[in-house]
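Structure first, commentary second.
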Amino acid sequence: MVVLLFLFVWWLFCLPKPLFKAPLATELLSSEGELLSARIAADGQWRMPAADSISPKLTAAVINYEDKTFRRHLGISLRGFVRALRDNWSAGRVVSGGSTLTMQVARMARGNQARTLVQKLVEGAVATRLEATYSKDEILRFWLANAPFGGNVVGAEAATRRYYGRSPAELSWAEAATLAVLPNSPALIHPGRSRKALRFKRDRLLDDLVVSGNLTAEEATLARLEPLPEEPRPLPRGGEHLLERLRQTNGPGRYRSSLNASLQAEVTELVRRHQSLLVGNQVHNVAAMVTEVSSGRVVAYVGNVPGIAPAFAPDVDIITSPRSPGSLLKPMLYALAQEGAILTPRGLLPDLPVKFSNFQPANFYRSYDGAVPANEALARSLNIPFVYLLQDYGVPKFHAVMQAYGFRQINQPPDHYGLSLILGGGEITMEEINGWFLGIARQVRYFHDRQGWYQSADFDHPALLLNEARPPLKNLTKTPGAIAAGSAYLTLEALTELNRPDETGATRRFSSRRRIAWKTGTSFGFRDAWAVGCTPAYVVSVWTGNADGEGREGLVGVRAAAPLMFNIFRALDEHSTEAPPWFEPPWDEMVEASTCAMSGLLAGRDCPVTKEWMATYSEHSRACTYHLKIFTDPDETWRVRQDCGPGPASPQSWLRLSARQAYFYQRRHPDFRPIPPLHPDCGFDEYADRGPMQLIYPYKDGVLSPVKNWKGETEPIFFELAHKDAETTVFWHLDEKYLGETSVFHSQSVDVSPGKHVLTVVDKFGNRLERRFQVN
């Protein structure tokens, strides 16, 4: 009794936990279920997770070949044992084991131990326990998932992928019969060799299937005509970086991704072609990501260029790698400033040389407008206006919003970044910036369908798996977050201009069949070139550069990334979508306000007035102070008063800028005229500039920090001066050493050593200016 009790307890707990411990391979499937890529198991075996669906032909063939009584026995078959003993006795050696399918599963679960009589008895006992625990279909799935199919191929999923290039659900009778006979002697019979023996066993099994009524004689005849598989096929390698990311995060397994198989292949090929155009400039890495707006799912994920040399880090997933964004964050600040009642869409922003404490920003093209509309500054990606705007908005607030939007790389205190944050002073990932554009696109596209409500998940990172889709009309809230739909829409509108300046300032024009809101970015030192664009249907993100951070001259977003982004959007035109051609304005989050026709700010009392739509909170922003109501003589040569000067006096609304702003503004706007001087008969001129010339840079005494180029070399300091008399001559001196003279355009580029210096300029009339400065 004790022995029987012991055996019973052993029997109850004899099944290994887990049943199978061998490491698994990793599979990445497309949203349609197509195999995109696979990674071999840790032990070097192609042992894939159990197939989701198995062809009935394969199960019928396996049962017919391995264990005809499988559906009737309880784990062991006495008839099978008797037959095996007879066959082995007749052959004088072991030619048959007499194991049922269930016993074979027991042996696989126990590590395929040596075939001895004791092990056979143990396997029989374990088989009965399996039968008591699992259904027949479950046991059959265990067998199909773990049986050896030749070489390092384990399981029906791996076998059908390696030998036939398809899933186990799509087999013919010939293919099913071929696979069914392989596990019986996988070391002897292999699709790449012993073809006569393999064909003989397959055809004999087809005959048995006719006898058992699974197929007709005609079907069997046709099946025999099918060729045997050749050597195992290489598995596809699409979406490798996503597969490795999922494997590292969640472990081996089968992942049904959100990727569209055909689109993934198209984008991969576009990335490959684009990299071939850049490699002449020693630019080796390219990445691209496409997200579907309606579902929030990633439909194409190319983390790096496939097949490049190991020296160029092909395994680095650029999509998740922290990189400097360059100017990519400017749209976010533009929208936030409207929400914060700091800015109107066309509001003028200062654009002139400036130094903020120890930070001296510059426009990429080393030119300045003096004052520029905010939407134009965004489209042209001017740096100085957005540094001023960030100063008004506040670095801590902008820093907090970025963290709230999921920019995880922004993990230092605000003071660590300072104003440089808007120009790429921090790091982001492609996934993060793609998610932000996805969020504003969803906000605006579904504003009316949601009846003015919002979804907090809009700004979550894009979904990578099929079951992670975010339906746009669920889990809604009345709170919009940091950016409401009105500001988001106006930001997208500002980004639709197809003409963009390149690194020389020359205009490059792109063509597109549909409107696209897009932004480029270039990091300091030409290390990163970005382009991100969105429509109501898709968000496309592109990065080009070198994974090791090496900069290359000319690596700028407009040239190196934008062409690929537009090519991807053209490819997307071939994929049908229910999205509208463009975003419908969210009128409930916008107001029509009176603005200054020239400054774009809310209309002041002296402004020429126009009407325009703006975000709701923008109507609380500041009114225009750039315009001054004056009276001039009929020729507009003199400013007069009604009681003095030549008449009749004519009232004018005049745009007035500071002397430094006017100097640059007039270069871009030749029709701009400074405010006329007051007629001598009218007394003291309170608006007159004091002195005929003004230094633009340095505009005041202080400390100068030389700028370094992309190679890390210190560039000369660029001194610049404005003079009322455009034809005059100006003489330049540094530390009492004569530098030269200028006329019309007054500037000097000088290599200045560290230390204290005095710059002196004198015009031909004897007017003199001095600036005392120190070079770090």
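Naming works like this for the structure tokens: A, B, ... for the chains as they're shown, residue 1 at the start of each chain, ligands 1 onward in shown order.
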Taking the chain letters and numbering used in this document, name the residues of range 603-721 of chain A that DSSP puts in strand (DSSP E or B), as number ranges by chain. A: 609-615, 623, 627-632, 639-641, 644, 650-655, 678, 693-697, 702-704, 708, 714, 717-721
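By only C-alpha atoms, and with residues fewer than 2 positions from Pro608 in chain A along its chain excluded, the set lying at most 10 Å from it is A:Ser594, A:Thr595, A:Cys596, A:Ala597, A:Met598, A:Ser599, A:Ala603, A:Gly604, A:Arg605, A:Asp606, A:Thr610, A:His627, A:Gln652, A:Ser653, A:Trp654, A:Leu655.
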Range 518-672 of chain A: which residues are helix (DSSP H, G or I) by DSSP, as a PyMOL selection string? chain A and resi 557-572+587-589+616-620+659-668
CA of Ala38 in chain A to CA of Pro186 in chain A measures 22.4 Å
Out of A:Tyr697, A:Tyr164, A:Trp582, A:Trp10, which residue has the shortest atom-to-atom distance to Val122 in chain A when counting only C-alpha atoms?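 The closest residue to Val122 in chain A is A:Trp10.
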Can you pull out the residues contacting range 751-768 of chain A? Cut-off 12 Å, using only C-alpha atoms, and skip same-chain residues under 3 positions away; I want them as a ChimeraX atom specification. /A:690-695,697-707,713-744,746-748,771-776
So which one's closest to Pro148 in chain A, A:Ile675, A:Leu270, A:Ala180, A:Val279? Using only C-alpha atoms, please.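 Among A:Ile675, A:Leu270, A:Ala180, A:Val279, it is A:Ala180 that comes nearest to Pro148 in chain A.
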For Asp573 in chain A, work out the shell of residues within 12 Å, counting only C-alpha atoms and skipping chain neighbours fewer than 6 positions away, then give it as a PDB file with all heavy atoms, in the first residue's frame.
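Written output follows (part10.pdb):
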```pdb
ATOM      1  N   LEU A 263       3.755  47.593 -46.847  1.00  0.00           N
ATOM      2  CA  LEU A 263       4.278  48.932 -46.585  1.00  0.00           C
ATOM      3  C   LEU A 263       5.647  48.859 -45.922  1.00  0.00           C
ATOM      4  O   LEU A 263       6.544  49.657 -46.229  1.00  0.00           O
ATOM      5  CB  LEU A 263       3.302  49.709 -45.707  1.00  0.00           C
ATOM      6  CG  LEU A 263       3.638  51.176 -45.460  1.00  0.00           C
ATOM      7  CD1 LEU A 263       3.750  51.931 -46.771  1.00  0.00           C
ATOM      8  CD2 LEU A 263       2.580  51.823 -44.570  1.00  0.00           C
ATOM      9  N   SER A 512       4.009  67.572 -53.604  1.00  0.00           N
ATOM     10  CA  SER A 512       3.200  66.563 -52.934  1.00  0.00           C
ATOM     11  C   SER A 512       1.773  66.637 -53.464  1.00  0.00           C
ATOM     12  O   SER A 512       1.256  67.727 -53.733  1.00  0.00           O
ATOM     13  CB  SER A 512       3.204  66.797 -51.422  1.00  0.00           C
ATOM     14  OG  SER A 512       2.325  65.907 -50.777  1.00  0.00           O
ATOM     15  N   ARG A 513       1.165  65.463 -53.621  1.00  0.00           N
ATOM     16  CA  ARG A 513      -0.222  65.426 -54.101  1.00  0.00           C
ATOM     17  C   ARG A 513      -1.194  65.869 -53.030  1.00  0.00           C
ATOM     18  O   ARG A 513      -2.325  66.232 -53.329  1.00  0.00           O
ATOM     19  CB  ARG A 513      -0.564  64.000 -54.537  1.00  0.00           C
ATOM     20  CG  ARG A 513       0.132  63.572 -55.815  1.00  0.00           C
ATOM     21  CD  ARG A 513      -0.023  62.077 -56.069  1.00  0.00           C
ATOM     22  NE  ARG A 513      -1.426  61.648 -56.028  1.00  0.00           N
ATOM     23  CZ  ARG A 513      -1.805  60.391 -56.161  1.00  0.00           C
ATOM     24  NH1 ARG A 513      -0.879  59.442 -56.346  1.00  0.00           N
ATOM     25  NH2 ARG A 513      -3.072  60.065 -56.104  1.00  0.00           N
ATOM     26  N   ARG A 514      -0.795  65.842 -51.785  1.00  0.00           N
ATOM     27  CA  ARG A 514      -1.684  66.220 -50.697  1.00  0.00           C
ATOM     28  C   ARG A 514      -0.965  67.170 -49.758  1.00  0.00           C
ATOM     29  O   ARG A 514       0.264  67.268 -49.762  1.00  0.00           O
ATOM     30  CB  ARG A 514      -2.181  64.996 -49.940  1.00  0.00           C
ATOM     31  CG  ARG A 514      -1.074  64.186 -49.292  1.00  0.00           C
ATOM     32  CD  ARG A 514      -1.646  62.983 -48.553  1.00  0.00           C
ATOM     33  NE  ARG A 514      -2.171  61.984 -49.474  1.00  0.00           N
ATOM     34  CZ  ARG A 514      -3.447  61.644 -49.541  1.00  0.00           C
ATOM     35  NH1 ARG A 514      -4.334  62.213 -48.738  1.00  0.00           N
ATOM     36  NH2 ARG A 514      -3.862  60.721 -50.389  1.00  0.00           N
ATOM     37  N   ARG A 515      -1.730  67.874 -48.964  1.00  0.00           N
ATOM     38  CA  ARG A 515      -1.132  68.790 -47.991  1.00  0.00           C
ATOM     39  C   ARG A 515      -0.466  67.980 -46.884  1.00  0.00           C
ATOM     40  O   ARG A 515      -1.018  67.001 -46.383  1.00  0.00           O
ATOM     41  CB  ARG A 515      -2.192  69.713 -47.386  1.00  0.00           C
ATOM     42  CG  ARG A 515      -2.810  70.672 -48.383  1.00  0.00           C
ATOM     43  CD  ARG A 515      -3.744  71.650 -47.685  1.00  0.00           C
ATOM     44  NE  ARG A 515      -2.985  72.658 -46.938  1.00  0.00           N
ATOM     45  CZ  ARG A 515      -3.540  73.523 -46.088  1.00  0.00           C
ATOM     46  NH1 ARG A 515      -4.846  73.475 -45.847  1.00  0.00           N
ATOM     47  NH2 ARG A 515      -2.798  74.413 -45.478  1.00  0.00           N
ATOM     48  N   THR A 535      -0.250  63.985 -41.976  1.00  0.00           N
ATOM     49  CA  THR A 535      -1.518  64.259 -42.648  1.00  0.00           C
ATOM     50  C   THR A 535      -2.611  63.684 -41.742  1.00  0.00           C
ATOM     51  O   THR A 535      -2.299  63.071 -40.713  1.00  0.00           O
ATOM     52  CB  THR A 535      -1.570  63.565 -44.021  1.00  0.00           C
ATOM     53  OG1 THR A 535      -1.592  62.133 -43.815  1.00  0.00           O
ATOM     54  CG2 THR A 535      -0.361  63.931 -44.869  1.00  0.00           C
ATOM     55  N   ALA A 537      -4.019  61.101 -42.195  1.00  0.00           N
ATOM     56  CA  ALA A 537      -3.923  59.635 -42.283  1.00  0.00           C
ATOM     57  C   ALA A 537      -2.683  59.077 -41.610  1.00  0.00           C
ATOM     58  O   ALA A 537      -2.754  58.059 -40.918  1.00  0.00           O
ATOM     59  CB  ALA A 537      -3.947  59.201 -43.746  1.00  0.00           C
ATOM     60  N   TYR A 538      -1.529  59.724 -41.794  1.00  0.00           N
ATOM     61  CA  TYR A 538      -0.271  59.135 -41.340  1.00  0.00           C
ATOM     62  C   TYR A 538       0.672  60.186 -40.754  1.00  0.00           C
ATOM     63  O   TYR A 538       0.591  61.370 -41.082  1.00  0.00           O
ATOM     64  CB  TYR A 538       0.464  58.452 -42.507  1.00  0.00           C
ATOM     65  CG  TYR A 538      -0.265  57.279 -43.105  1.00  0.00           C
ATOM     66  CD1 TYR A 538      -0.939  57.404 -44.322  1.00  0.00           C
ATOM     67  CD2 TYR A 538      -0.276  56.038 -42.475  1.00  0.00           C
ATOM     68  CE1 TYR A 538      -1.610  56.323 -44.892  1.00  0.00           C
ATOM     69  CE2 TYR A 538      -0.946  54.954 -43.033  1.00  0.00           C
ATOM     70  CZ  TYR A 538      -1.602  55.105 -44.238  1.00  0.00           C
ATOM     71  OH  TYR A 538      -2.265  54.035 -44.786  1.00  0.00           O
ATOM     72  N   PHE A 566       9.148  62.684 -48.163  1.00  0.00           N
ATOM     73  CA  PHE A 566       8.162  62.896 -49.232  1.00  0.00           C
ATOM     74  C   PHE A 566       8.013  61.643 -50.093  1.00  0.00           C
ATOM     75  O   PHE A 566       6.903  61.334 -50.554  1.00  0.00           O
ATOM     76  CB  PHE A 566       8.558  64.106 -50.078  1.00  0.00           C
ATOM     77  CG  PHE A 566       8.150  65.423 -49.470  1.00  0.00           C
ATOM     78  CD1 PHE A 566       9.066  66.185 -48.771  1.00  0.00           C
ATOM     79  CD2 PHE A 566       6.850  65.881 -49.577  1.00  0.00           C
ATOM     80  CE1 PHE A 566       8.699  67.394 -48.194  1.00  0.00           C
ATOM     81  CE2 PHE A 566       6.467  67.087 -49.002  1.00  0.00           C
ATOM     82  CZ  PHE A 566       7.389  67.845 -48.308  1.00  0.00           C
ATOM     83  N   ASN A 567       9.090  60.908 -50.314  1.00  0.00           N
ATOM     84  CA  ASN A 567       8.970  59.657 -51.065  1.00  0.00           C
ATOM     85  C   ASN A 567       8.096  58.655 -50.325  1.00  0.00           C
ATOM     86  O   ASN A 567       7.319  57.912 -50.938  1.00  0.00           O
ATOM     87  CB  ASN A 567      10.356  59.064 -51.311  1.00  0.00           C
ATOM     88  CG  ASN A 567      11.125  59.791 -52.401  1.00  0.00           C
ATOM     89  OD1 ASN A 567      10.523  60.462 -53.245  1.00  0.00           O
ATOM     90  ND2 ASN A 567      12.441  59.690 -52.373  1.00  0.00           N
ATOM     91  N   ALA A 579      -9.242  58.546 -44.329  1.00  0.00           N
ATOM     92  CA  ALA A 579      -8.938  59.861 -43.761  1.00  0.00           C
ATOM     93  C   ALA A 579      -9.298  60.966 -44.744  1.00  0.00           C
ATOM     94  O   ALA A 579      -9.177  60.800 -45.959  1.00  0.00           O
ATOM     95  CB  ALA A 579      -7.460  59.944 -43.402  1.00  0.00           C
ATOM     96  N   PRO A 581      -8.760  64.599 -46.775  1.00  0.00           N
ATOM     97  CA  PRO A 581      -7.532  65.121 -47.377  1.00  0.00           C
ATOM     98  C   PRO A 581      -6.789  66.102 -46.473  1.00  0.00           C
ATOM     99  O   PRO A 581      -5.576  66.222 -46.570  1.00  0.00           O
ATOM    100  CB  PRO A 581      -8.010  65.805 -48.662  1.00  0.00           C
ATOM    101  CG  PRO A 581      -9.468  66.048 -48.451  1.00  0.00           C
ATOM    102  CD  PRO A 581      -9.957  64.954 -47.577  1.00  0.00           C
TER     103      PRO A 581
END
```
Which polymer residues have any atom within 12 Å of an atom of range 72-74 of chain A, counting only C-alpha atoms, with same-chain residues fewer than 2 positions away left out, as a PDB file with N, CA and C atoms, in the first residue's frame?
```pdb
ATOM      1  N   ILE A  63      -1.254  11.892 -37.364  1.00  0.00           N
ATOM      2  CA  ILE A  63      -1.950  10.823 -36.642  1.00  0.00           C
ATOM      3  C   ILE A  63      -1.892   9.519 -37.424  1.00  0.00           C
ATOM      4  N   ASP A  67       0.423   7.452 -35.042  1.00  0.00           N
ATOM      5  CA  ASP A  67      -0.388   6.830 -33.979  1.00  0.00           C
ATOM      6  C   ASP A  67      -1.854   6.800 -34.413  1.00  0.00           C
ATOM      7  N   LYS A  68      -2.207   5.761 -35.159  1.00  0.00           N
ATOM      8  CA  LYS A  68      -3.561   5.701 -35.707  1.00  0.00           C
ATOM      9  C   LYS A  68      -4.639   5.623 -34.629  1.00  0.00           C
ATOM     10  N   THR A  69      -4.299   5.118 -33.462  1.00  0.00           N
ATOM     11  CA  THR A  69      -5.297   4.974 -32.386  1.00  0.00           C
ATOM     12  C   THR A  69      -5.251   6.140 -31.399  1.00  0.00           C
ATOM     13  N   PHE A  70      -4.604   7.254 -31.808  1.00  0.00           N
ATOM     14  CA  PHE A  70      -4.394   8.387 -30.894  1.00  0.00           C
ATOM     15  C   PHE A  70      -5.698   8.876 -30.261  1.00  0.00           C
ATOM     16  N   ILE A  76      -1.188   5.166 -23.665  1.00  0.00           N
ATOM     17  CA  ILE A  76      -0.340   4.033 -24.066  1.00  0.00           C
ATOM     18  C   ILE A  76      -1.185   3.092 -24.913  1.00  0.00           C
ATOM     19  N   SER A  77      -0.500   2.344 -25.761  1.00  0.00           N
ATOM     20  CA  SER A  77      -1.198   1.413 -26.661  1.00  0.00           C
ATOM     21  C   SER A  77      -0.540   0.043 -26.571  1.00  0.00           C
ATOM     22  N   LEU A  78      -1.273  -0.948 -26.025  1.00  0.00           N
ATOM     23  CA  LEU A  78      -0.742  -2.304 -25.919  1.00  0.00           C
ATOM     24  C   LEU A  78      -0.486  -2.891 -27.297  1.00  0.00           C
ATOM     25  N   ARG A  79      -1.356  -2.583 -28.246  1.00  0.00           N
ATOM     26  CA  ARG A  79      -1.154  -3.067 -29.602  1.00  0.00           C
ATOM     27  C   ARG A  79       0.159  -2.536 -30.171  1.00  0.00           C
ATOM     28  N   GLY A  80       0.448  -1.276 -29.854  1.00  0.00           N
ATOM     29  CA  GLY A  80       1.686  -0.688 -30.338  1.00  0.00           C
ATOM     30  C   GLY A  80       2.901  -1.345 -29.721  1.00  0.00           C
ATOM     31  N   SER A  99       5.902   3.793 -29.240  1.00  0.00           N
ATOM     32  CA  SER A  99       5.407   4.932 -28.463  1.00  0.00           C
ATOM     33  C   SER A  99       4.210   5.571 -29.154  1.00  0.00           C
ATOM     34  N   THR A 100       3.243   5.926 -28.349  1.00  0.00           N
ATOM     35  CA  THR A 100       2.127   6.718 -28.852  1.00  0.00           C
ATOM     36  C   THR A 100       2.568   8.173 -28.984  1.00  0.00           C
ATOM     37  N   LEU A 101       1.721   8.972 -29.625  1.00  0.00           N
ATOM     38  CA  LEU A 101       2.013  10.412 -29.712  1.00  0.00           C
ATOM     39  C   LEU A 101       2.141  11.016 -28.323  1.00  0.00           C
ATOM     40  N   THR A 102       1.294  10.542 -27.412  1.00  0.00           N
ATOM     41  CA  THR A 102       1.334  11.080 -26.055  1.00  0.00           C
ATOM     42  C   THR A 102       2.640  10.697 -25.360  1.00  0.00           C
ATOM     43  N   MET A 103       3.104   9.468 -25.568  1.00  0.00           N
ATOM     44  CA  MET A 103       4.375   9.063 -24.975  1.00  0.00           C
ATOM     45  C   MET A 103       5.541   9.867 -25.584  1.00  0.00           C
ATOM     46  N   GLY A 124       5.443   5.961 -20.324  1.00  0.00           N
ATOM     47  CA  GLY A 124       4.052   5.514 -20.352  1.00  0.00           C
ATOM     48  C   GLY A 124       3.253   6.083 -19.204  1.00  0.00           C
ATOM     49  N   ALA A 125       3.864   6.071 -18.006  1.00  0.00           N
ATOM     50  CA  ALA A 125       3.160   6.622 -16.846  1.00  0.00           C
ATOM     51  C   ALA A 125       2.916   8.114 -17.013  1.00  0.00           C
ATOM     52  N   VAL A 126       3.927   8.827 -17.488  1.00  0.00           N
ATOM     53  CA  VAL A 126       3.772  10.274 -17.691  1.00  0.00           C
ATOM     54  C   VAL A 126       2.726  10.541 -18.765  1.00  0.00           C
ATOM     55  N   ALA A 127       2.676   9.657 -19.781  1.00  0.00           N
ATOM     56  CA  ALA A 127       1.693   9.828 -20.847  1.00  0.00           C
ATOM     57  C   ALA A 127       0.273   9.737 -20.308  1.00  0.00           C
ATOM     58  N   THR A 128       0.037   8.791 -19.396  1.00  0.00           N
ATOM     59  CA  THR A 128      -1.308   8.697 -18.820  1.00  0.00           C
ATOM     60  C   THR A 128      -1.662   9.953 -18.017  1.00  0.00           C
ATOM     61  N   ARG A 129      -0.621  10.516 -17.366  1.00  0.00           N
ATOM     62  CA  ARG A 129      -0.886  11.756 -16.616  1.00  0.00           C
ATOM     63  C   ARG A 129      -1.200  12.901 -17.581  1.00  0.00           C
ATOM     64  N   LEU A 130      -0.516  12.940 -18.712  1.00  0.00           N
ATOM     65  CA  LEU A 130      -0.820  13.943 -19.726  1.00  0.00           C
ATOM     66  C   LEU A 130      -2.260  13.801 -20.214  1.00  0.00           C
ATOM     67  N   GLU A 131      -2.667  12.554 -20.445  1.00  0.00           N
ATOM     68  CA  GLU A 131      -4.031  12.321 -20.935  1.00  0.00           C
ATOM     69  C   GLU A 131      -5.059  12.762 -19.904  1.00  0.00           C
ATOM     70  N   ALA A 132      -4.709  12.624 -18.614  1.00  0.00           N
ATOM     71  CA  ALA A 132      -5.655  13.017 -17.567  1.00  0.00           C
ATOM     72  C   ALA A 132      -5.711  14.532 -17.392  1.00  0.00           C
ATOM     73  N   THR A 133      -4.685  15.213 -17.887  1.00  0.00           N
ATOM     74  CA  THR A 133      -4.589  16.659 -17.652  1.00  0.00           C
ATOM     75  C   THR A 133      -5.003  17.470 -18.873  1.00  0.00           C
ATOM     76  N   TYR A 134      -4.671  16.991 -20.050  1.00  0.00           N
ATOM     77  CA  TYR A 134      -4.887  17.787 -21.267  1.00  0.00           C
ATOM     78  C   TYR A 134      -5.816  17.055 -22.223  1.00  0.00           C
ATOM     79  N   SER A 135      -6.411  17.820 -23.103  1.00  0.00           N
ATOM     80  CA  SER A 135      -7.259  17.232 -24.139  1.00  0.00           C
ATOM     81  C   SER A 135      -6.381  16.647 -25.245  1.00  0.00           C
ATOM     82  N   LYS A 136      -6.995  15.834 -26.100  1.00  0.00           N
ATOM     83  CA  LYS A 136      -6.257  15.246 -27.220  1.00  0.00           C
ATOM     84  C   LYS A 136      -5.695  16.334 -28.145  1.00  0.00           C
ATOM     85  N   ILE A 139      -2.620  17.906 -26.554  1.00  0.00           N
ATOM     86  CA  ILE A 139      -1.458  17.004 -26.634  1.00  0.00           C
ATOM     87  C   ILE A 139      -0.886  17.004 -28.050  1.00  0.00           C
TER      88      ILE A 139
END
```
Pro536 in chain A surroundings by only C-alpha atoms, 9 Å radius, close-in-sequence under 6 positions cut, as a JSON list (two decimals) with N, CA, C and O atoms, in the first residue's frame:
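Saved result, part_23.json, follows:
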```
[["chain", "number", "residue", "atom", "x", "y", "z"],
["A", 292, "GLU", "N", -0.04, 55.17, -38.22],
["A", 292, "GLU", "CA", -1.40, 55.40, -38.69],
["A", 292, "GLU", "C", -2.16, 56.24, -37.66],
["A", 292, "GLU", "O", -2.25, 55.88, -36.49],
["A", 293, "VAL", "N", -2.71, 57.37, -38.11],
["A", 293, "VAL", "CA", -3.35, 58.30, -37.18],
["A", 293, "VAL", "C", -4.61, 57.70, -36.57],
["A", 293, "VAL", "O", -4.86, 57.85, -35.36],
["A", 294, "SER", "N", -5.41, 57.00, -37.35],
["A", 294, "SER", "CA", -6.69, 56.52, -36.86],
["A", 294, "SER", "C", -6.55, 55.53, -35.71],
["A", 294, "SER", "O", -7.33, 55.54, -34.76],
["A", 441, "ALA", "N", -2.23, 65.40, -34.45],
["A", 441, "ALA", "CA", -3.01, 65.00, -35.63],
["A", 441, "ALA", "C", -4.32, 64.34, -35.21],
["A", 441, "ALA", "O", -5.38, 64.62, -35.79],
["A", 442, "ARG", "N", -4.29, 63.47, -34.21],
["A", 442, "ARG", "CA", -5.52, 62.83, -33.74],
["A", 442, "ARG", "C", -6.45, 63.86, -33.09],
["A", 442, "ARG", "O", -7.67, 63.81, -33.26],
["A", 444, "VAL", "N", -6.86, 67.00, -33.72],
["A", 444, "VAL", "CA", -7.55, 67.84, -34.70],
["A", 444, "VAL", "C", -8.47, 67.02, -35.59],
["A", 444, "VAL", "O", -9.60, 67.42, -35.87],
["A", 445, "ARG", "N", -7.99, 65.87, -36.04],
["A", 445, "ARG", "CA", -8.81, 65.07, -36.96],
["A", 445, "ARG", "C", -10.14, 64.65, -36.34],
["A", 445, "ARG", "O", -11.18, 64.65, -37.01],
["A", 516, "ILE", "N", 0.72, 68.42, -46.50],
["A", 516, "ILE", "CA", 1.48, 67.77, -45.44],
["A", 516, "ILE", "C", 2.00, 68.85, -44.50],
["A", 516, "ILE", "O", 2.55, 69.86, -44.93],
["A", 579, "ALA", "N", -9.24, 58.55, -44.33],
["A", 579, "ALA", "CA", -8.94, 59.86, -43.76],
["A", 579, "ALA", "C", -9.30, 60.97, -44.74],
["A", 579, "ALA", "O", -9.18, 60.80, -45.96],
["A", 580, "PRO", "N", -9.73, 62.12, -44.25],
["A", 580, "PRO", "CA", -10.00, 63.26, -45.13],
["A", 580, "PRO", "C", -8.70, 63.80, -45.70],
["A", 580, "PRO", "O", -7.61, 63.53, -45.18],
["A", 581, "PRO", "N", -8.76, 64.60, -46.78],
["A", 581, "PRO", "CA", -7.53, 65.12, -47.38],
["A", 581, "PRO", "C", -6.79, 66.10, -46.47],
["A", 581, "PRO", "O", -5.58, 66.22, -46.57],
["A", 582, "TRP", "N", -7.52, 66.81, -45.61],
["A", 582, "TRP", "CA", -6.87, 67.74, -44.68],
["A", 582, "TRP", "C", -7.74, 67.89, -43.44],
["A", 582, "TRP", "O", -8.89, 67.44, -43.41],
["A", 583, "PHE", "N", -7.17, 68.51, -42.42],
["A", 583, "PHE", "CA", -7.86, 68.67, -41.13],
["A", 583, "PHE", "C", -8.94, 69.76, -41.23],
["A", 583, "PHE", "O", -8.71, 70.83, -41.79]]
```
Using only C-alpha atoms, pick whichever of A:His669, A:Lys201, A:Phe526, A:Gly533 has the shortest atom-to-atom distance to Gly551 in chain A.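 Answer, going by the shortest atom-to-atom distance: A:Phe526.
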Rank A:Leu348, A:Arg297, A:Val750, A:Thr160 by their smallest atom-to-atom distance to Arg470 in chain A, using only C-alpha atoms, and report the top residue only.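 The shortest atom-to-atom distance to Arg470 in chain A comes from A:Arg297.
For the pair CA of Ala494 in chain A and CA of Ala659 in chain A, the interatomic distance is 29.0 Å.
Distance annotation: of A:Phe364, A:Ala156, A:Gln451, A:Lys330, the residue with the minimal separation from Met402 in chain A is A:Lys330; atom set is only C-alpha atoms.
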Which polymer residues have any atom within 9 Å of an atom of Asp203 in chain A, counting only C-alpha atoms, with same-chain residues fewer than 6 positions away left out, as a compact mmCIF listing (two decimals) with all heavy atoms, in the first residue's frame?
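Output saved as part.txt:
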```txt
# COMPACT_ATOMS: atom_id res chain seq x y z
N ALA A 174 0.64 16.93 -50.05
CA ALA A 174 2.03 16.46 -50.23
C ALA A 174 2.94 17.07 -49.18
O ALA A 174 3.80 16.37 -48.62
CB ALA A 174 2.51 16.82 -51.64
N ALA A 177 2.20 15.50 -45.77
CA ALA A 177 2.74 14.14 -45.66
C ALA A 177 4.25 14.16 -45.51
O ALA A 177 4.83 13.37 -44.75
CB ALA A 177 2.33 13.34 -46.89
N THR A 178 4.92 15.07 -46.21
CA THR A 178 6.38 15.17 -46.09
C THR A 178 6.78 15.53 -44.66
O THR A 178 7.69 14.91 -44.08
CB THR A 178 6.91 16.24 -47.06
OG1 THR A 178 6.54 15.89 -48.40
CG2 THR A 178 8.43 16.34 -46.97
N ALA A 220 -4.34 11.94 -54.23
CA ALA A 220 -3.05 11.35 -53.88
C ALA A 220 -2.13 11.31 -55.09
O ALA A 220 -0.91 11.56 -54.99
CB ALA A 220 -3.25 9.96 -53.31
N ALA A 223 -0.82 14.70 -55.62
CA ALA A 223 0.09 15.07 -54.54
C ALA A 223 1.48 14.47 -54.77
O ALA A 223 2.50 15.09 -54.45
CB ALA A 223 -0.46 14.62 -53.20
N ARG A 224 1.53 13.23 -55.36
CA ARG A 224 2.82 12.61 -55.59
C ARG A 224 3.66 13.38 -56.61
O ARG A 224 4.88 13.23 -56.66
CB ARG A 224 2.63 11.17 -56.08
CG ARG A 224 2.08 10.23 -55.03
CD ARG A 224 2.14 8.78 -55.51
NE ARG A 224 1.31 7.92 -54.69
CZ ARG A 224 0.06 7.59 -54.96
NH1 ARG A 224 -0.52 8.05 -56.07
NH2 ARG A 224 -0.63 6.80 -54.15
```
